[in-house]
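Below is start-v1.cif, holding mmCIF, N, CA and C atoms.
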data_data
loop_
_atom_site.label_atom_id
_atom_site.label_comp_id
_atom_site.auth_asym_id
_atom_site.auth_seq_id
_atom_site.Cartn_x
_atom_site.Cartn_y
_atom_site.Cartn_z
N MET A 1 0.85 -1.17 0.00
CA MET A 1 0.00 0.00 0.00
C MET A 1 0.90 1.24 0.00
N PRO A 2 0.65 2.20 -0.89
CA PRO A 2 1.49 3.39 -0.96
C PRO A 2 1.27 4.30 0.23
N LEU A 3 2.30 5.08 0.52
CA LEU A 3 2.22 6.00 1.66
C LEU A 3 1.25 7.13 1.36
N PHE A 4 1.29 7.65 0.13
CA PHE A 4 0.36 8.69 -0.28
C PHE A 4 -0.58 8.11 -1.32
N PRO A 5 -1.84 7.98 -1.01
CA PRO A 5 -2.76 7.32 -1.94
C PRO A 5 -3.10 8.15 -3.17
N PHE A 6 -2.71 9.44 -3.19
CA PHE A 6 -3.10 10.30 -4.30
C PHE A 6 -2.18 10.16 -5.50
N GLY A 7 -1.13 9.45 -5.38
CA GLY A 7 -0.24 9.20 -6.51
C GLY A 7 0.70 10.37 -6.76
N ASP A 8 0.75 10.84 -7.99
CA ASP A 8 1.70 11.87 -8.40
C ASP A 8 1.11 13.28 -8.35
N LYS A 9 0.08 13.52 -7.59
CA LYS A 9 -0.53 14.84 -7.54
C LYS A 9 0.41 15.88 -6.92
N PHE A 10 1.31 15.47 -6.06
CA PHE A 10 2.17 16.42 -5.36
C PHE A 10 3.43 16.76 -6.15
N SER A 11 3.71 16.10 -7.22
CA SER A 11 4.88 16.45 -8.01
C SER A 11 4.52 17.62 -8.92
N PRO A 12 5.30 18.68 -8.89
CA PRO A 12 4.95 19.87 -9.67
C PRO A 12 5.13 19.62 -11.16
N LYS A 13 4.36 20.35 -11.93
CA LYS A 13 4.48 20.26 -13.37
C LYS A 13 5.70 21.06 -13.81
N LYS A 14 6.25 20.68 -14.93
CA LYS A 14 7.37 21.43 -15.47
C LYS A 14 6.85 22.74 -16.03
N THR A 15 7.61 23.81 -15.76
CA THR A 15 7.22 25.11 -16.30
C THR A 15 7.62 25.19 -17.76
N PRO A 16 6.81 25.87 -18.54
CA PRO A 16 7.17 25.99 -19.95
C PRO A 16 8.40 26.88 -20.10
N PRO A 17 9.25 26.63 -21.07
CA PRO A 17 10.45 27.47 -21.23
C PRO A 17 10.06 28.90 -21.60
N ARG A 18 10.85 29.83 -21.11
CA ARG A 18 10.58 31.24 -21.37
C ARG A 18 11.09 31.63 -22.74
N ARG A 19 10.39 32.59 -23.30
CA ARG A 19 10.87 33.11 -24.57
C ARG A 19 12.05 34.03 -24.30
N ALA A 20 13.10 33.87 -25.05
CA ALA A 20 14.29 34.69 -24.86
C ALA A 20 14.01 36.12 -25.31
N GLN A 21 14.33 37.07 -24.45
CA GLN A 21 14.17 38.47 -24.80
C GLN A 21 15.38 38.90 -25.62
N SER A 22 15.20 39.79 -26.51
CA SER A 22 16.30 40.27 -27.33
C SER A 22 17.19 41.17 -26.48
N LEU A 23 18.45 40.83 -26.41
CA LEU A 23 19.40 41.63 -25.65
C LEU A 23 20.15 42.60 -26.56
N SER A 24 19.77 42.67 -27.78
CA SER A 24 20.46 43.52 -28.74
C SER A 24 20.09 44.98 -28.51
N ASN A 25 21.09 45.86 -28.64
CA ASN A 25 20.82 47.29 -28.54
C ASN A 25 20.83 47.93 -29.92
N LEU A 26 20.65 47.12 -30.96
CA LEU A 26 20.66 47.63 -32.32
C LEU A 26 19.40 48.43 -32.64
N HIS A 27 18.35 48.19 -31.90
CA HIS A 27 17.10 48.89 -32.18
C HIS A 27 17.11 50.34 -31.69
N LEU A 28 18.13 50.74 -30.90
CA LEU A 28 18.21 52.12 -30.41
C LEU A 28 18.82 53.02 -31.48
N ASP A 29 18.32 54.26 -31.56
CA ASP A 29 18.94 55.19 -32.49
C ASP A 29 20.23 55.72 -31.88
N ALA A 30 21.00 56.48 -32.64
CA ALA A 30 22.34 56.90 -32.21
C ALA A 30 22.29 57.75 -30.95
N GLU A 31 21.36 58.70 -30.87
CA GLU A 31 21.31 59.56 -29.70
C GLU A 31 20.90 58.80 -28.45
N LYS A 32 19.92 57.92 -28.60
CA LYS A 32 19.47 57.12 -27.46
C LYS A 32 20.59 56.19 -27.00
N SER A 33 21.32 55.61 -27.96
CA SER A 33 22.43 54.72 -27.63
C SER A 33 23.53 55.48 -26.90
N ARG A 34 23.86 56.70 -27.37
CA ARG A 34 24.88 57.51 -26.71
C ARG A 34 24.43 57.90 -25.31
N GLU A 35 23.15 58.18 -25.16
CA GLU A 35 22.60 58.55 -23.86
C GLU A 35 22.67 57.39 -22.88
N GLU A 36 22.37 56.19 -23.38
CA GLU A 36 22.36 55.02 -22.51
C GLU A 36 23.77 54.50 -22.20
N PHE A 37 24.63 54.45 -23.22
CA PHE A 37 25.92 53.77 -23.05
C PHE A 37 27.11 54.68 -23.23
N GLY A 38 26.91 55.98 -23.37
CA GLY A 38 27.99 56.91 -23.66
C GLY A 38 28.92 57.11 -22.47
N PRO A 39 30.09 57.72 -22.73
CA PRO A 39 31.07 57.92 -21.66
C PRO A 39 30.70 59.03 -20.69
N ASP A 40 29.80 59.93 -21.07
CA ASP A 40 29.42 61.05 -20.22
C ASP A 40 28.30 60.62 -19.29
N VAL A 41 28.69 59.97 -18.18
CA VAL A 41 27.70 59.44 -17.25
C VAL A 41 27.23 60.53 -16.29
N GLY A 42 28.13 61.41 -15.88
CA GLY A 42 27.79 62.43 -14.90
C GLY A 42 28.00 61.90 -13.49
N PRO A 43 27.75 62.72 -12.50
CA PRO A 43 27.98 62.28 -11.12
C PRO A 43 26.95 61.23 -10.68
N VAL A 44 27.41 60.29 -9.88
CA VAL A 44 26.51 59.27 -9.34
C VAL A 44 25.94 59.83 -8.04
N LYS A 45 24.61 59.90 -7.98
CA LYS A 45 23.96 60.47 -6.79
C LYS A 45 23.04 59.42 -6.19
N LEU A 46 22.92 59.47 -4.86
CA LEU A 46 22.12 58.52 -4.13
C LEU A 46 21.35 59.27 -3.05
N ARG A 47 20.06 58.96 -2.94
CA ARG A 47 19.23 59.62 -1.92
C ARG A 47 18.75 58.55 -0.94
N LEU A 48 19.09 58.73 0.34
CA LEU A 48 18.68 57.82 1.40
C LEU A 48 18.18 58.63 2.58
N GLY A 49 16.98 58.39 3.00
CA GLY A 49 16.45 59.02 4.20
C GLY A 49 16.48 60.53 4.16
N GLY A 50 16.21 61.13 3.03
CA GLY A 50 16.18 62.58 2.94
C GLY A 50 17.53 63.23 2.76
N GLN A 51 18.59 62.44 2.70
CA GLN A 51 19.92 62.98 2.49
C GLN A 51 20.43 62.50 1.13
N GLU A 52 21.07 63.39 0.41
CA GLU A 52 21.58 63.04 -0.90
C GLU A 52 23.10 63.09 -0.86
N VAL A 53 23.73 62.03 -1.38
CA VAL A 53 25.18 61.97 -1.46
C VAL A 53 25.57 61.75 -2.91
N ALA A 54 26.74 62.26 -3.27
CA ALA A 54 27.26 62.10 -4.63
C ALA A 54 28.66 61.51 -4.54
N PHE A 55 29.01 60.71 -5.53
CA PHE A 55 30.33 60.08 -5.58
C PHE A 55 31.25 60.98 -6.41
N GLU A 56 32.20 61.63 -5.73
CA GLU A 56 33.11 62.56 -6.39
C GLU A 56 34.54 62.23 -5.99
N ASN A 57 35.41 62.08 -6.97
CA ASN A 57 36.84 61.83 -6.75
C ASN A 57 37.09 60.66 -5.81
N GLY A 58 36.32 59.61 -5.97
CA GLY A 58 36.53 58.40 -5.18
C GLY A 58 35.98 58.45 -3.77
N MET A 59 35.19 59.46 -3.44
CA MET A 59 34.63 59.56 -2.10
C MET A 59 33.16 59.96 -2.19
N TRP A 60 32.37 59.54 -1.22
CA TRP A 60 30.97 59.94 -1.15
C TRP A 60 30.89 61.27 -0.44
N VAL A 61 30.29 62.27 -1.11
CA VAL A 61 30.19 63.63 -0.57
C VAL A 61 28.72 63.94 -0.35
N GLN A 62 28.39 64.42 0.85
CA GLN A 62 27.02 64.73 1.18
C GLN A 62 26.60 66.02 0.49
N GLU A 63 25.49 65.96 -0.26
CA GLU A 63 25.02 67.11 -1.02
C GLU A 63 23.93 67.88 -0.27
N THR A 64 22.98 67.17 0.34
CA THR A 64 21.91 67.82 1.08
C THR A 64 21.84 67.23 2.47
N GLY A 65 21.18 67.91 3.34
CA GLY A 65 21.05 67.43 4.72
C GLY A 65 21.69 68.41 5.67
N PRO A 66 21.71 68.07 6.96
CA PRO A 66 22.20 69.01 7.96
C PRO A 66 23.71 69.25 7.90
N ASN A 67 24.50 68.28 7.41
CA ASN A 67 25.95 68.42 7.45
C ASN A 67 26.56 68.61 6.07
N ALA A 68 25.77 69.00 5.08
CA ALA A 68 26.28 69.07 3.70
C ALA A 68 27.37 70.13 3.56
N ALA A 69 27.12 71.34 4.01
CA ALA A 69 28.11 72.42 3.86
C ALA A 69 29.33 72.13 4.72
N SER A 70 29.11 71.64 5.92
CA SER A 70 30.26 71.39 6.80
C SER A 70 31.12 70.25 6.25
N HIS A 71 30.51 69.29 5.58
CA HIS A 71 31.29 68.19 5.01
C HIS A 71 32.22 68.70 3.91
N LYS A 72 31.69 69.56 3.04
CA LYS A 72 32.53 70.13 1.98
C LYS A 72 33.64 70.99 2.58
N GLU A 73 33.31 71.73 3.63
CA GLU A 73 34.31 72.56 4.28
C GLU A 73 35.39 71.70 4.94
N VAL A 74 34.97 70.60 5.55
CA VAL A 74 35.93 69.68 6.17
C VAL A 74 36.87 69.10 5.11
N MET A 75 36.32 68.73 3.96
CA MET A 75 37.15 68.17 2.89
C MET A 75 38.16 69.22 2.40
N LYS A 76 37.73 70.47 2.28
CA LYS A 76 38.64 71.54 1.85
C LYS A 76 39.73 71.75 2.90
N LEU A 77 39.35 71.74 4.18
CA LEU A 77 40.33 71.92 5.24
C LEU A 77 41.33 70.76 5.28
N ARG A 78 40.86 69.55 5.00
CA ARG A 78 41.78 68.40 4.97
C ARG A 78 42.79 68.55 3.83
N ARG A 79 42.32 69.01 2.66
CA ARG A 79 43.25 69.23 1.54
C ARG A 79 44.26 70.30 1.90
N ASP A 80 43.78 71.40 2.49
CA ASP A 80 44.69 72.48 2.89
C ASP A 80 45.69 71.99 3.93
N ASN A 81 45.21 71.19 4.87
CA ASN A 81 46.09 70.65 5.90
C ASN A 81 47.16 69.76 5.28
N GLN A 82 46.78 68.91 4.33
CA GLN A 82 47.74 68.03 3.67
C GLN A 82 48.79 68.86 2.93
N ASN A 83 48.35 69.92 2.25
CA ASN A 83 49.30 70.79 1.55
C ASN A 83 50.27 71.45 2.52
N LEU A 84 49.76 71.89 3.67
CA LEU A 84 50.62 72.52 4.67
C LEU A 84 51.60 71.53 5.28
N VAL A 85 51.17 70.30 5.49
CA VAL A 85 52.08 69.26 6.02
C VAL A 85 53.20 69.01 5.02
N GLU A 86 52.86 68.92 3.74
CA GLU A 86 53.89 68.70 2.73
C GLU A 86 54.86 69.88 2.66
N GLU A 87 54.33 71.11 2.74
CA GLU A 87 55.19 72.28 2.73
C GLU A 87 56.10 72.31 3.96
N ASN A 88 55.56 71.94 5.11
CA ASN A 88 56.34 71.89 6.35
C ASN A 88 57.48 70.87 6.23
N ASN A 89 57.17 69.70 5.66
CA ASN A 89 58.22 68.68 5.47
C ASN A 89 59.32 69.19 4.53
N MET A 90 58.92 69.90 3.47
CA MET A 90 59.91 70.46 2.54
C MET A 90 60.79 71.48 3.25
N LEU A 91 60.20 72.33 4.07
CA LEU A 91 60.98 73.34 4.78
C LEU A 91 61.93 72.70 5.79
N LYS A 92 61.50 71.64 6.45
CA LYS A 92 62.38 70.91 7.38
C LYS A 92 63.57 70.33 6.63
N LEU A 93 63.31 69.79 5.46
CA LEU A 93 64.39 69.23 4.65
C LEU A 93 65.37 70.31 4.23
N LYS A 94 64.86 71.48 3.85
CA LYS A 94 65.74 72.59 3.46
C LYS A 94 66.58 73.05 4.63
N ILE A 95 65.98 73.10 5.83
CA ILE A 95 66.74 73.50 7.02
C ILE A 95 67.86 72.50 7.29
N ASP A 96 67.57 71.20 7.18
CA ASP A 96 68.60 70.19 7.39
C ASP A 96 69.75 70.35 6.40
N ILE A 97 69.41 70.63 5.14
CA ILE A 97 70.45 70.82 4.12
C ILE A 97 71.29 72.05 4.44
N LEU A 98 70.63 73.15 4.84
CA LEU A 98 71.37 74.36 5.18
C LEU A 98 72.26 74.15 6.41
N LEU A 99 71.78 73.41 7.40
CA LEU A 99 72.62 73.13 8.58
C LEU A 99 73.83 72.27 8.21
N ASP A 100 73.64 71.32 7.31
CA ASP A 100 74.77 70.51 6.84
C ASP A 100 75.79 71.38 6.10
N MET A 101 75.28 72.30 5.28
CA MET A 101 76.18 73.20 4.55
C MET A 101 76.93 74.11 5.53
N LEU A 102 76.24 74.59 6.57
CA LEU A 102 76.88 75.44 7.57
C LEU A 102 77.95 74.68 8.34
N ALA A 103 77.64 73.43 8.69
CA ALA A 103 78.62 72.62 9.42
C ALA A 103 79.86 72.37 8.56
N GLU A 104 79.66 72.10 7.29
CA GLU A 104 80.79 71.87 6.38
C GLU A 104 81.63 73.13 6.24
N THR A 105 80.99 74.28 6.07
CA THR A 105 81.71 75.55 5.93
C THR A 105 82.46 75.89 7.21
N SER A 106 81.84 75.63 8.35
CA SER A 106 82.50 75.89 9.64
C SER A 106 83.72 75.01 9.81
N ALA A 107 83.61 73.75 9.44
CA ALA A 107 84.74 72.82 9.55
C ALA A 107 85.89 73.27 8.65
N ILE A 108 85.57 73.70 7.45
CA ILE A 108 86.62 74.17 6.54
C ILE A 108 87.27 75.43 7.10
N SER A 109 86.45 76.32 7.65
CA SER A 109 86.98 77.56 8.23
C SER A 109 87.91 77.27 9.41
N HIS A 110 87.52 76.38 10.30
CA HIS A 110 88.36 76.01 11.45
C HIS A 110 89.65 75.35 10.97
N TYR A 111 89.57 74.56 9.94
CA TYR A 111 90.77 73.91 9.40
C TYR A 111 91.75 74.95 8.87
N HIS A 112 91.21 75.95 8.13
CA HIS A 112 92.07 77.00 7.60
C HIS A 112 92.65 77.86 8.70
N GLU A 113 91.90 78.12 9.75
CA GLU A 113 92.41 78.90 10.89
C GLU A 113 93.55 78.15 11.56
N ASN A 114 93.38 76.86 11.79
CA ASN A 114 94.43 76.07 12.44
C ASN A 114 95.67 76.01 11.55
N GLU A 115 95.47 75.88 10.24
CA GLU A 115 96.60 75.85 9.31
C GLU A 115 97.35 77.18 9.33
N LEU A 116 96.60 78.28 9.38
CA LEU A 116 97.21 79.61 9.44
C LEU A 116 98.00 79.79 10.73
N LYS A 117 97.43 79.32 11.85
CA LYS A 117 98.14 79.41 13.14
C LYS A 117 99.44 78.61 13.09
N GLN A 118 99.41 77.44 12.50
CA GLN A 118 100.61 76.61 12.43
C GLN A 118 101.66 77.30 11.54
N LEU A 119 101.23 77.93 10.44
CA LEU A 119 102.17 78.62 9.58
C LEU A 119 102.79 79.81 10.30
N LYS A 120 101.99 80.55 11.08
CA LYS A 120 102.51 81.69 11.83
C LYS A 120 103.48 81.21 12.92
N ALA A 121 103.15 80.11 13.58
CA ALA A 121 104.02 79.58 14.63
C ALA A 121 105.30 79.05 14.00
N GLY A 122 105.26 78.48 12.84
CA GLY A 122 106.46 77.99 12.15
C GLY A 122 107.31 79.12 11.66
N GLY A 123 106.74 80.25 11.29
CA GLY A 123 107.50 81.42 10.83
C GLY A 123 108.22 82.11 11.97
N LYS A 124 107.66 82.08 13.15
CA LYS A 124 108.30 82.73 14.31
C LYS A 124 109.49 81.89 14.79
N LYS A 125 109.47 80.58 14.62
CA LYS A 125 110.54 79.74 15.08
C LYS A 125 111.79 79.92 14.20
N ARG A 126 111.64 80.28 12.98
CA ARG A 126 112.80 80.42 12.12
C ARG A 126 113.50 81.67 12.43
#

Would you give me this structure, written as structure tokens?
Amino acid sequence: MPLFPFGDKFSPKKTPPRRAQSLSNLHLDAEKSREEFGPDVGPVKLRLGGQEVAFENGMWVQETGPNAASHKEVMKLRRDNQNLVEENNMLKLKIDILLDMLAETSAISHYHENELKQLKAGGKKR
């Protein structure tokens, strides 16, 4: 005696195969094709919970909302800070080079002074 007396009623029927949709973009005219697939995409913008953000230079920048202006200002201040850090490093390097040049010049000067003293002391002995 079978476990299920209804037979094959519980086996689902096979679904009919779907008609393939045309994936060709040949039916678009030139302007529509350029609009859809062209290189001029423009900024990517996203709106979530009343705030809009845009993807600019590899970062998400807040466009609207309570912190939009402050975010742009913070980004500008970070760029300015980075520029100042680089300038400070360059100036430190220049100071190190100038100190090395001063030390070298001082050493040469002391050497010449000692040489002059020895020549004067040798002239007095004769």

List the spatial neighbours of Lys45 in chain A as a PyMOL selection string - criterion: any atom at most 8 Å away, only C-alpha atoms, same-chain residues fewer than 3 positions off excluded. chain A and resi 52-55

Rounded to one decimal in Å, what is the spacing between atom N of Lys120 in chain A and CA of Glu104 in chain A? 23.4 Å

Counting only C-alpha atoms, what is within 12 Å of Glu56 in chain A, bar same-chain residues fewer than 3 positions away, as a PyMOL selection string? chain A and resi 42-46+53+59-63+72+75

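Atom pair atom C of Asn57 in chain A / atom N of Asn83 in chain A has a distance of 16.7 Å (rounded to one decimal).
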
Atom C of Leu84 in chain A to CA of Leu102 in chain A: how many Å, to one decimal?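 Distance reported for this atom pair: 25.7 Å.
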